[in-house]
2 protein chains.
Amino acid sequence: MSTAPVPTAACALAIRLADAAGAVVRRHYRTPIAIDVKADESPVTAADRGVEAAIRAILTAERPQDGILGEEQGSHGLDKEWVWVIDPIDGTKSFISGRPLFTTLIGLLHHGVPVLGVIDQAITGDRWVGVDGQPTTLNGQPIRTRTCPSLSVATMGATMPFPQPGFARVQAASRYTVWGGDAYAFGLLAAGFLDVMVEASLQPYDWAALVPVITGAGGVITDWQGQPLRLGTDGTVAVAGDPHLHAAVLDLLRAD
Amino acid sequence: MSTAPVPTAACALAIRLADAAGAVVRRHYRTPIAIDVKADESPVTAADRGVEAAIRAILTAERPQDGILGEEQGSHGLDKEWVWVIDPIDGTKSFISGRPLFTTLIGLLHHGVPVLGVIDQAITGDRWVGVDGQPTTLNGQPIRTRTCPSLSVATMGATMPFPQPGFARVQAASRYTVWGGDAYAFGLLAAGFLDVMVEASLQPYDWAALVPVITGAGGVITDWQGQPLRLGTDGTVAVAGDPHLHAAVLDLLRAD
């Protein structure tokens, strides 16, 4: 992990970015909006672009020396000491379906290490904040992952049924699966409501904010090889709220 | 459909039942709660039982002449003119995961025909009301399903990946799939945010409230054979917001 504490000013700025994002989100939620289809077939709307623009305007004005990596509007300065990683609307399919499970993700890398993360759901008002070296909070209250002795009693969160055999093995070994959810489900895991999450193809803007949230709540988040998530990772993600369960999940993911 | 208008008193009572349910739900949401496992392996909690008991107490006091069919506490009087159909918490896996997509479902059958339905999400405050012969409302505002010319541009809602080949065909033919959601997703479809829903094994307490909500918003809801949902149906459910799309969905479901 990072060796220096995260500056208080950076934490306060991340909160202001989330506030600015929420204002845009609430203007567009459940209103008619054109849905464009990106090169990867995923949907995008004026809400995604408007949230990212609002966040970038603040960062450009106040942190011109930092890098930015955003889902919709590209990246610059990825070699800077501090890099802000923005997913304006994670779960765009939920957003366009009027389902309040989408979130805005604000992550901060220090020398490439995720040290700050905000997961913000502007409709329900759920806001997770994770800061390196501090307890993760949900709406200001410290949260902890829950213990889980075995996958046989675990509840797994899964954004979708991924085709990888390893995913199917973890899902079959878990007692329950809660389908759908994207980053919101990672927040629920951090708060002790889910035990396991497995993703097959996350981008840095998907996972950067999640790492401090999960870690600061006592969970473990790595790629399927057990390596920490860094720029250049292969997009696989395995999370367990109970560290003892994480090794069992990795064993199932890597059994091929 | 039923030939007589639904009495205003029945509509008002359904709203009061939903209010009573919401009070119980909010006491238990995201609090530690024991999870019991039913014979069918599905989870159940004191919240499910508490909501159903609160609803039954009101019905027993005010509508002793009516039948009741409830998920957790059995049924009686299914041959009565009026039968109340109660799912205290639809989406219990969402509930125990702290995810505000579960709902309380209150349906009313008149001579076996679903004529009144309430879908209530007590955390977000989303409440759908469908009454035979009237426009469906979401939070008091009339809603309509949206047009959708083809599955190739449709968004499908799916509670889980069902193993039936017909389900996979509809999913593959749809542009997007939004995973998870249970009855909440049917409400989103009624409000014009989703185009198609397919379920493989719904019980009467799962679908009774959905029929008036979907129908009153302009959608079509049947079993996979295109038959209306009645007690004794086989549990398959196919819904389209655009009636023209419904036939295409049935064709794919029945192609085996």
# chains A, B, ... in the order shown; residues from 1 in each chain; ligands from 1
call {"tool": "residues_around", "arguments": {"residues": "Thr137 of chain B", "least_positions_apart": "3", "cutoff": "10 Å", "atoms": "only C-alpha atoms", "output": "PDB file with all heavy atoms, in the first residue's frame"}}
result
ATOM      1  N   VAL B 118     -50.382  -4.031  -6.101  1.00  0.00           N
ATOM      2  CA  VAL B 118     -49.469  -3.015  -5.579  1.00  0.00           C
ATOM      3  C   VAL B 118     -48.077  -3.628  -5.502  1.00  0.00           C
ATOM      4  O   VAL B 118     -47.907  -4.741  -4.985  1.00  0.00           O
ATOM      5  CB  VAL B 118     -49.902  -2.517  -4.180  1.00  0.00           C
ATOM      6  CG1 VAL B 118     -48.886  -1.509  -3.632  1.00  0.00           C
ATOM      7  CG2 VAL B 118     -51.292  -1.903  -4.245  1.00  0.00           C
ATOM      8  N   ARG B 127     -43.707   3.107  -5.452  1.00  0.00           N
ATOM      9  CA  ARG B 127     -44.949   2.338  -5.289  1.00  0.00           C
ATOM     10  C   ARG B 127     -45.740   2.339  -6.582  1.00  0.00           C
ATOM     11  O   ARG B 127     -46.169   3.385  -7.056  1.00  0.00           O
ATOM     12  CB  ARG B 127     -45.793   2.925  -4.155  1.00  0.00           C
ATOM     13  CG  ARG B 127     -47.148   2.233  -3.997  1.00  0.00           C
ATOM     14  CD  ARG B 127     -47.925   2.776  -2.817  1.00  0.00           C
ATOM     15  NE  ARG B 127     -47.304   2.373  -1.551  1.00  0.00           N
ATOM     16  CZ  ARG B 127     -47.745   2.763  -0.350  1.00  0.00           C
ATOM     17  NH1 ARG B 127     -48.798   3.566  -0.252  1.00  0.00           N
ATOM     18  NH2 ARG B 127     -47.143   2.350   0.745  1.00  0.00           N
ATOM     19  N   TRP B 128     -45.921   1.147  -7.142  1.00  0.00           N
ATOM     20  CA  TRP B 128     -46.745   0.984  -8.329  1.00  0.00           C
ATOM     21  C   TRP B 128     -48.121   0.491  -7.901  1.00  0.00           C
ATOM     22  O   TRP B 128     -48.227  -0.410  -7.047  1.00  0.00           O
ATOM     23  CB  TRP B 128     -46.142  -0.056  -9.260  1.00  0.00           C
ATOM     24  CG  TRP B 128     -44.906   0.346  -9.998  1.00  0.00           C
ATOM     25  CD1 TRP B 128     -44.839   0.847 -11.268  1.00  0.00           C
ATOM     26  CD2 TRP B 128     -43.536   0.258  -9.552  1.00  0.00           C
ATOM     27  NE1 TRP B 128     -43.522   1.071 -11.625  1.00  0.00           N
ATOM     28  CE2 TRP B 128     -42.704   0.719 -10.597  1.00  0.00           C
ATOM     29  CE3 TRP B 128     -42.914  -0.168  -8.367  1.00  0.00           C
ATOM     30  CZ2 TRP B 128     -41.305   0.770 -10.498  1.00  0.00           C
ATOM     31  CZ3 TRP B 128     -41.527  -0.117  -8.270  1.00  0.00           C
ATOM     32  CH2 TRP B 128     -40.742   0.355  -9.316  1.00  0.00           C
ATOM     33  N   VAL B 129     -49.169   1.046  -8.511  1.00  0.00           N
ATOM     34  CA  VAL B 129     -50.541   0.603  -8.251  1.00  0.00           C
ATOM     35  C   VAL B 129     -51.217   0.342  -9.588  1.00  0.00           C
ATOM     36  O   VAL B 129     -51.288   1.242 -10.448  1.00  0.00           O
ATOM     37  CB  VAL B 129     -51.334   1.658  -7.444  1.00  0.00           C
ATOM     38  CG1 VAL B 129     -52.772   1.172  -7.221  1.00  0.00           C
ATOM     39  CG2 VAL B 129     -50.653   1.948  -6.102  1.00  0.00           C
ATOM     40  N   GLY B 130     -51.697  -0.894  -9.754  1.00  0.00           N
ATOM     41  CA  GLY B 130     -52.436  -1.255 -10.950  1.00  0.00           C
ATOM     42  C   GLY B 130     -53.834  -1.709 -10.588  1.00  0.00           C
ATOM     43  O   GLY B 130     -54.010  -2.521  -9.680  1.00  0.00           O
ATOM     44  N   VAL B 131     -54.826  -1.165 -11.258  1.00  0.00           N
ATOM     45  CA  VAL B 131     -56.232  -1.491 -11.001  1.00  0.00           C
ATOM     46  C   VAL B 131     -56.904  -1.765 -12.341  1.00  0.00           C
ATOM     47  O   VAL B 131     -56.776  -0.958 -13.277  1.00  0.00           O
ATOM     48  CB  VAL B 131     -56.953  -0.333 -10.276  1.00  0.00           C
ATOM     49  CG1 VAL B 131     -58.399  -0.736  -9.956  1.00  0.00           C
ATOM     50  CG2 VAL B 131     -56.213   0.075  -9.009  1.00  0.00           C
ATOM     51  N   GLN B 134     -58.046   0.845 -15.107  1.00  0.00           N
ATOM     52  CA  GLN B 134     -57.488   2.173 -14.833  1.00  0.00           C
ATOM     53  C   GLN B 134     -56.022   2.213 -15.257  1.00  0.00           C
ATOM     54  O   GLN B 134     -55.348   1.182 -15.306  1.00  0.00           O
ATOM     55  CB  GLN B 134     -57.582   2.505 -13.334  1.00  0.00           C
ATOM     56  CG  GLN B 134     -58.996   2.519 -12.786  1.00  0.00           C
ATOM     57  CD  GLN B 134     -59.026   2.872 -11.302  1.00  0.00           C
ATOM     58  OE1 GLN B 134     -58.127   3.531 -10.788  1.00  0.00           O
ATOM     59  NE2 GLN B 134     -60.063   2.422 -10.616  1.00  0.00           N
ATOM     60  N   GLY B 140     -48.151   7.757  -7.833  1.00  0.00           N
ATOM     61  CA  GLY B 140     -49.292   8.626  -8.114  1.00  0.00           C
ATOM     62  C   GLY B 140     -49.385   9.152  -9.532  1.00  0.00           C
ATOM     63  O   GLY B 140     -50.414   9.717  -9.908  1.00  0.00           O
ATOM     64  N   GLN B 141     -48.325   8.966 -10.322  1.00  0.00           N
ATOM     65  CA  GLN B 141     -48.326   9.468 -11.695  1.00  0.00           C
ATOM     66  C   GLN B 141     -48.619   8.325 -12.663  1.00  0.00           C
ATOM     67  O   GLN B 141     -48.002   7.263 -12.565  1.00  0.00           O
ATOM     68  CB  GLN B 141     -46.960  10.071 -12.042  1.00  0.00           C
ATOM     69  CG  GLN B 141     -46.564  11.228 -11.141  1.00  0.00           C
ATOM     70  CD  GLN B 141     -47.550  12.378 -11.214  1.00  0.00           C
ATOM     71  OE1 GLN B 141     -47.926  12.801 -12.307  1.00  0.00           O
ATOM     72  NE2 GLN B 141     -47.992  12.865 -10.060  1.00  0.00           N
ATOM     73  N   PRO B 142     -49.519   8.548 -13.630  1.00  0.00           N
ATOM     74  CA  PRO B 142     -49.793   7.492 -14.615  1.00  0.00           C
ATOM     75  C   PRO B 142     -48.525   7.140 -15.399  1.00  0.00           C
ATOM     76  O   PRO B 142     -47.728   8.029 -15.737  1.00  0.00           O
ATOM     77  CB  PRO B 142     -50.847   8.130 -15.534  1.00  0.00           C
ATOM     78  CG  PRO B 142     -51.432   9.246 -14.736  1.00  0.00           C
ATOM     79  CD  PRO B 142     -50.347   9.733 -13.836  1.00  0.00           C
ATOM     80  N   ILE B 143     -48.351   5.876 -15.673  1.00  0.00           N
ATOM     81  CA  ILE B 143     -47.192   5.428 -16.447  1.00  0.00           C
ATOM     82  C   ILE B 143     -47.671   4.582 -17.617  1.00  0.00           C
ATOM     83  O   ILE B 143     -48.776   4.031 -17.605  1.00  0.00           O
ATOM     84  CB  ILE B 143     -46.192   4.611 -15.599  1.00  0.00           C
ATOM     85  CG1 ILE B 143     -46.909   3.432 -14.902  1.00  0.00           C
ATOM     86  CG2 ILE B 143     -45.490   5.500 -14.594  1.00  0.00           C
ATOM     87  CD1 ILE B 143     -45.961   2.497 -14.161  1.00  0.00           C
ATOM     88  N   ARG B 144     -46.810   4.502 -18.636  1.00  0.00           N
ATOM     89  CA  ARG B 144     -47.078   3.685 -19.812  1.00  0.00           C
ATOM     90  C   ARG B 144     -45.819   2.913 -20.174  1.00  0.00           C
ATOM     91  O   ARG B 144     -44.706   3.410 -20.021  1.00  0.00           O
ATOM     92  CB  ARG B 144     -47.440   4.554 -21.035  1.00  0.00           C
ATOM     93  CG  ARG B 144     -48.766   5.268 -20.946  1.00  0.00           C
ATOM     94  CD  ARG B 144     -49.950   4.349 -21.017  1.00  0.00           C
ATOM     95  NE  ARG B 144     -50.077   3.665 -22.316  1.00  0.00           N
ATOM     96  CZ  ARG B 144     -50.998   2.746 -22.586  1.00  0.00           C
ATOM     97  NH1 ARG B 144     -51.858   2.376 -21.646  1.00  0.00           N
ATOM     98  NH2 ARG B 144     -51.054   2.179 -23.772  1.00  0.00           N
ATOM     99  N   GLY B 187     -42.063  -3.634 -12.488  1.00  0.00           N
ATOM    100  CA  GLY B 187     -42.490  -2.248 -12.313  1.00  0.00           C
ATOM    101  C   GLY B 187     -41.755  -1.312 -13.259  1.00  0.00           C
ATOM    102  O   GLY B 187     -42.355  -0.402 -13.849  1.00  0.00           O
ATOM    103  N   ALA B 190     -43.234  -1.637 -16.612  1.00  0.00           N
ATOM    104  CA  ALA B 190     -44.509  -0.916 -16.706  1.00  0.00           C
ATOM    105  C   ALA B 190     -44.278   0.580 -16.903  1.00  0.00           C
ATOM    106  O   ALA B 190     -45.061   1.257 -17.576  1.00  0.00           O
ATOM    107  CB  ALA B 190     -45.353  -1.166 -15.449  1.00  0.00           C
ATOM    108  N   ALA B 191     -43.192   1.088 -16.339  1.00  0.00           N
ATOM    109  CA  ALA B 191     -42.894   2.519 -16.424  1.00  0.00           C
ATOM    110  C   ALA B 191     -42.121   2.887 -17.682  1.00  0.00           C
ATOM    111  O   ALA B 191     -41.734   4.049 -17.853  1.00  0.00           O
ATOM    112  CB  ALA B 191     -42.107   2.958 -15.186  1.00  0.00           C
ATOM    113  N   VAL B 213     -50.701  -4.333 -12.840  1.00  0.00           N
ATOM    114  CA  VAL B 213     -49.713  -3.260 -13.033  1.00  0.00           C
ATOM    115  C   VAL B 213     -49.246  -3.226 -14.486  1.00  0.00           C
ATOM    116  O   VAL B 213     -49.197  -2.162 -15.118  1.00  0.00           O
ATOM    117  CB  VAL B 213     -48.513  -3.447 -12.072  1.00  0.00           C
ATOM    118  CG1 VAL B 213     -47.349  -2.530 -12.465  1.00  0.00           C
ATOM    119  CG2 VAL B 213     -48.937  -3.192 -10.628  1.00  0.00           C
ATOM    120  N   GLY B 216     -52.391  -2.474 -16.970  1.00  0.00           N
ATOM    121  CA  GLY B 216     -52.868  -1.099 -16.883  1.00  0.00           C
ATOM    122  C   GLY B 216     -51.893  -0.074 -17.433  1.00  0.00           C
ATOM    123  O   GLY B 216     -52.244   1.092 -17.625  1.00  0.00           O
ATOM    124  N   ALA B 217     -50.662  -0.521 -17.682  1.00  0.00           N
ATOM    125  CA  ALA B 217     -49.661   0.368 -18.285  1.00  0.00           C
ATOM    126  C   ALA B 217     -49.528   0.131 -19.780  1.00  0.00           C
ATOM    127  O   ALA B 217     -48.702   0.770 -20.435  1.00  0.00           O
ATOM    128  CB  ALA B 217     -48.304   0.172 -17.602  1.00  0.00           C
TER     129      ALA B 217
END
call {"tool": "closest_atom_pairs", "arguments": {"of": "chain B", "to": "chain A", "cutoff": "10 Å", "atoms": "only C-alpha atoms", "output": "tab-separated table"}}
result
residue	atom	partner	partner_atom	distance
B:Arg30	CA	A:Phe193	CA	8.0
B:Thr31	CA	A:Phe193	CA	9.8
B:Pro32	CA	A:Phe193	CA	9.4
B:Glu41	CA	A:Arg175	CA	8.8
B:Ser42	CA	A:Tyr176	CA	8.5
B:Pro43	CA	A:Tyr176	CA	8.9
B:Gly91	CA	A:Val178	CA	9.5
B:Thr92	CA	A:Val178	CA	10.0
B:Lys93	CA	A:Val178	CA	6.4
B:Ser94	CA	A:Val178	CA	6.7
B:Phe95	CA	A:Phe193	CA	9.5
B:Ile96	CA	A:Phe193	CA	6.9
B:Ser97	CA	A:Phe193	CA	4.6
B:Gly98	CA	A:Phe193	CA	6.1
B:Arg99	CA	A:Leu188	CA	7.7
B:Pro100	CA	A:Pro100	CA	8.3
B:Leu101	CA	A:Arg99	CA	8.3
B:Ile123	CA	A:Thr124	CA	8.1
B:Thr124	CA	A:Thr124	CA	6.3
B:Gly125	CA	A:Thr124	CA	9.7
B:Thr155	CA	A:Ser97	CA	8.2
B:Met156	CA	A:Ser97	CA	9.7
B:Gly157	CA	A:Ser97	CA	9.0
B:Ala158	CA	A:Trp179	CA	9.0
B:Thr159	CA	A:Trp179	CA	7.1
B:Met160	CA	A:Trp179	CA	6.3
B:Pro161	CA	A:Pro161	CA	7.2
B:Arg175	CA	A:Glu41	CA	8.8
B:Tyr176	CA	A:Lys93	CA	7.6
B:Thr177	CA	A:Lys93	CA	8.0
B:Val178	CA	A:Lys93	CA	6.4
B:Trp179	CA	A:Gly180	CA	4.7
B:Gly180	CA	A:Trp179	CA	4.6
B:Gly181	CA	A:Gly180	CA	8.0
B:Tyr184	CA	A:Arg99	CA	8.8
B:Ala185	CA	A:Arg99	CA	8.3
B:Leu188	CA	A:Gly98	CA	6.7
B:Leu189	CA	A:Ser97	CA	8.4
B:Ala191	CA	A:Gly98	CA	8.9
B:Gly192	CA	A:Ser97	CA	8.4
B:Phe193	CA	A:Ser97	CA	4.6
B:Leu194	CA	A:Ser97	CA	6.0
B:Asp195	CA	A:Ser97	CA	9.6
call {"tool": "atom_distance", "arguments": {"atom1": "atom CA of Leu250 of chain A", "atom2": "atom CA of Leu210 of chain A"}}
result
18.5 Å
call {"tool": "residues_around", "arguments": {"residues": "Glu62 of chain B", "least_positions_apart": "5", "cutoff": "12 Å", "atoms": "only C-alpha atoms", "output": "list in words"}}
result
Ala9, Ala10, Leu13, Ala14, Arg16, Leu17, Ile55, Arg56 and Ala57 of chain B
call {"tool": "write_last_selection", "arguments": {"atoms": "all heavy atoms", "output": "JSON list (two decimals), in the first residue's frame"}}
result
[["chain", "number", "residue", "atom", "x", "y", "z"],
["B", 9, "ALA", "N", -62.94, 0.93, -2.04],
["B", 9, "ALA", "CA", -62.52, 0.54, -0.70],
["B", 9, "ALA", "C", -61.41, -0.51, -0.76],
["B", 9, "ALA", "O", -60.50, -0.53, 0.06],
["B", 9, "ALA", "CB", -63.70, -0.01, 0.10],
["B", 10, "ALA", "N", -61.47, -1.38, -1.76],
["B", 10, "ALA", "CA", -60.42, -2.38, -1.90],
["B", 10, "ALA", "C", -59.09, -1.74, -2.27],
["B", 10, "ALA", "O", -58.03, -2.13, -1.77],
["B", 10, "ALA", "CB", -60.83, -3.42, -2.95],
["B", 13, "LEU", "N", -57.73, -0.09, 0.79],
["B", 13, "LEU", "CA", -57.21, -1.08, 1.73],
["B", 13, "LEU", "C", -55.84, -1.59, 1.27],
["B", 13, "LEU", "O", -54.92, -1.75, 2.08],
["B", 13, "LEU", "CB", -58.20, -2.24, 1.86],
["B", 13, "LEU", "CG", -57.76, -3.40, 2.76],
["B", 13, "LEU", "CD1", -57.41, -2.91, 4.17],
["B", 13, "LEU", "CD2", -58.85, -4.47, 2.83],
["B", 14, "ALA", "N", -55.69, -1.84, -0.02],
["B", 14, "ALA", "CA", -54.40, -2.31, -0.53],
["B", 14, "ALA", "C", -53.29, -1.32, -0.21],
["B", 14, "ALA", "O", -52.16, -1.71, 0.14],
["B", 14, "ALA", "CB", -54.48, -2.55, -2.04],
["B", 16, "ARG", "N", -53.25, 0.76, 2.34],
["B", 16, "ARG", "CA", -52.96, 0.67, 3.78],
["B", 16, "ARG", "C", -52.15, -0.59, 4.09],
["B", 16, "ARG", "O", -51.30, -0.58, 4.99],
["B", 16, "ARG", "CB", -54.28, 0.68, 4.57],
["B", 16, "ARG", "CG", -54.92, 2.08, 4.59],
["B", 16, "ARG", "CD", -56.32, 2.04, 5.15],
["B", 16, "ARG", "NE", -56.37, 1.31, 6.39],
["B", 16, "ARG", "CZ", -57.34, 0.45, 6.74],
["B", 16, "ARG", "NH1", -58.37, 0.25, 5.92],
["B", 16, "ARG", "NH2", -57.29, -0.17, 7.89],
["B", 17, "LEU", "N", -52.41, -1.66, 3.39],
["B", 17, "LEU", "CA", -51.61, -2.88, 3.60],
["B", 17, "LEU", "C", -50.14, -2.61, 3.24],
["B", 17, "LEU", "O", -49.23, -3.04, 3.93],
["B", 17, "LEU", "CB", -52.15, -4.02, 2.75],
["B", 17, "LEU", "CG", -53.58, -4.50, 3.07],
["B", 17, "LEU", "CD1", -53.99, -5.60, 2.07],
["B", 17, "LEU", "CD2", -53.70, -5.02, 4.50],
["B", 55, "ILE", "N", -49.95, -7.74, 7.50],
["B", 55, "ILE", "CA", -50.98, -7.65, 6.46],
["B", 55, "ILE", "C", -52.17, -8.53, 6.80],
["B", 55, "ILE", "O", -53.33, -8.12, 6.69],
["B", 55, "ILE", "CB", -50.37, -8.03, 5.09],
["B", 55, "ILE", "CG1", -49.39, -6.94, 4.63],
["B", 55, "ILE", "CG2", -51.47, -8.28, 4.06],
["B", 55, "ILE", "CD1", -48.62, -7.30, 3.37],
["B", 56, "ARG", "N", -51.87, -9.76, 7.25],
["B", 56, "ARG", "CA", -52.96, -10.68, 7.58],
["B", 56, "ARG", "C", -53.80, -10.17, 8.75],
["B", 56, "ARG", "O", -55.02, -10.39, 8.79],
["B", 56, "ARG", "CB", -52.39, -12.06, 7.92],
["B", 56, "ARG", "CG", -52.00, -12.86, 6.71],
["B", 56, "ARG", "CD", -51.33, -14.17, 7.12],
["B", 56, "ARG", "NE", -50.93, -14.94, 5.96],
["B", 56, "ARG", "CZ", -51.65, -15.94, 5.42],
["B", 56, "ARG", "NH1", -52.81, -16.26, 5.94],
["B", 56, "ARG", "NH2", -51.22, -16.58, 4.35],
["B", 57, "ALA", "N", -53.16, -9.49, 9.69],
["B", 57, "ALA", "CA", -53.92, -8.97, 10.84],
["B", 57, "ALA", "C", -54.97, -7.98, 10.37],
["B", 57, "ALA", "O", -56.12, -7.99, 10.85],
["B", 57, "ALA", "CB", -52.96, -8.32, 11.85]]
call {"tool": "select_by_dssp", "arguments": {"residues": "segment 77-196 of chain B", "states": "alpha helix (DSSP H)", "output": "PyMOL selection string"}}
result
chain B and resi 92-96+165-173+182-190
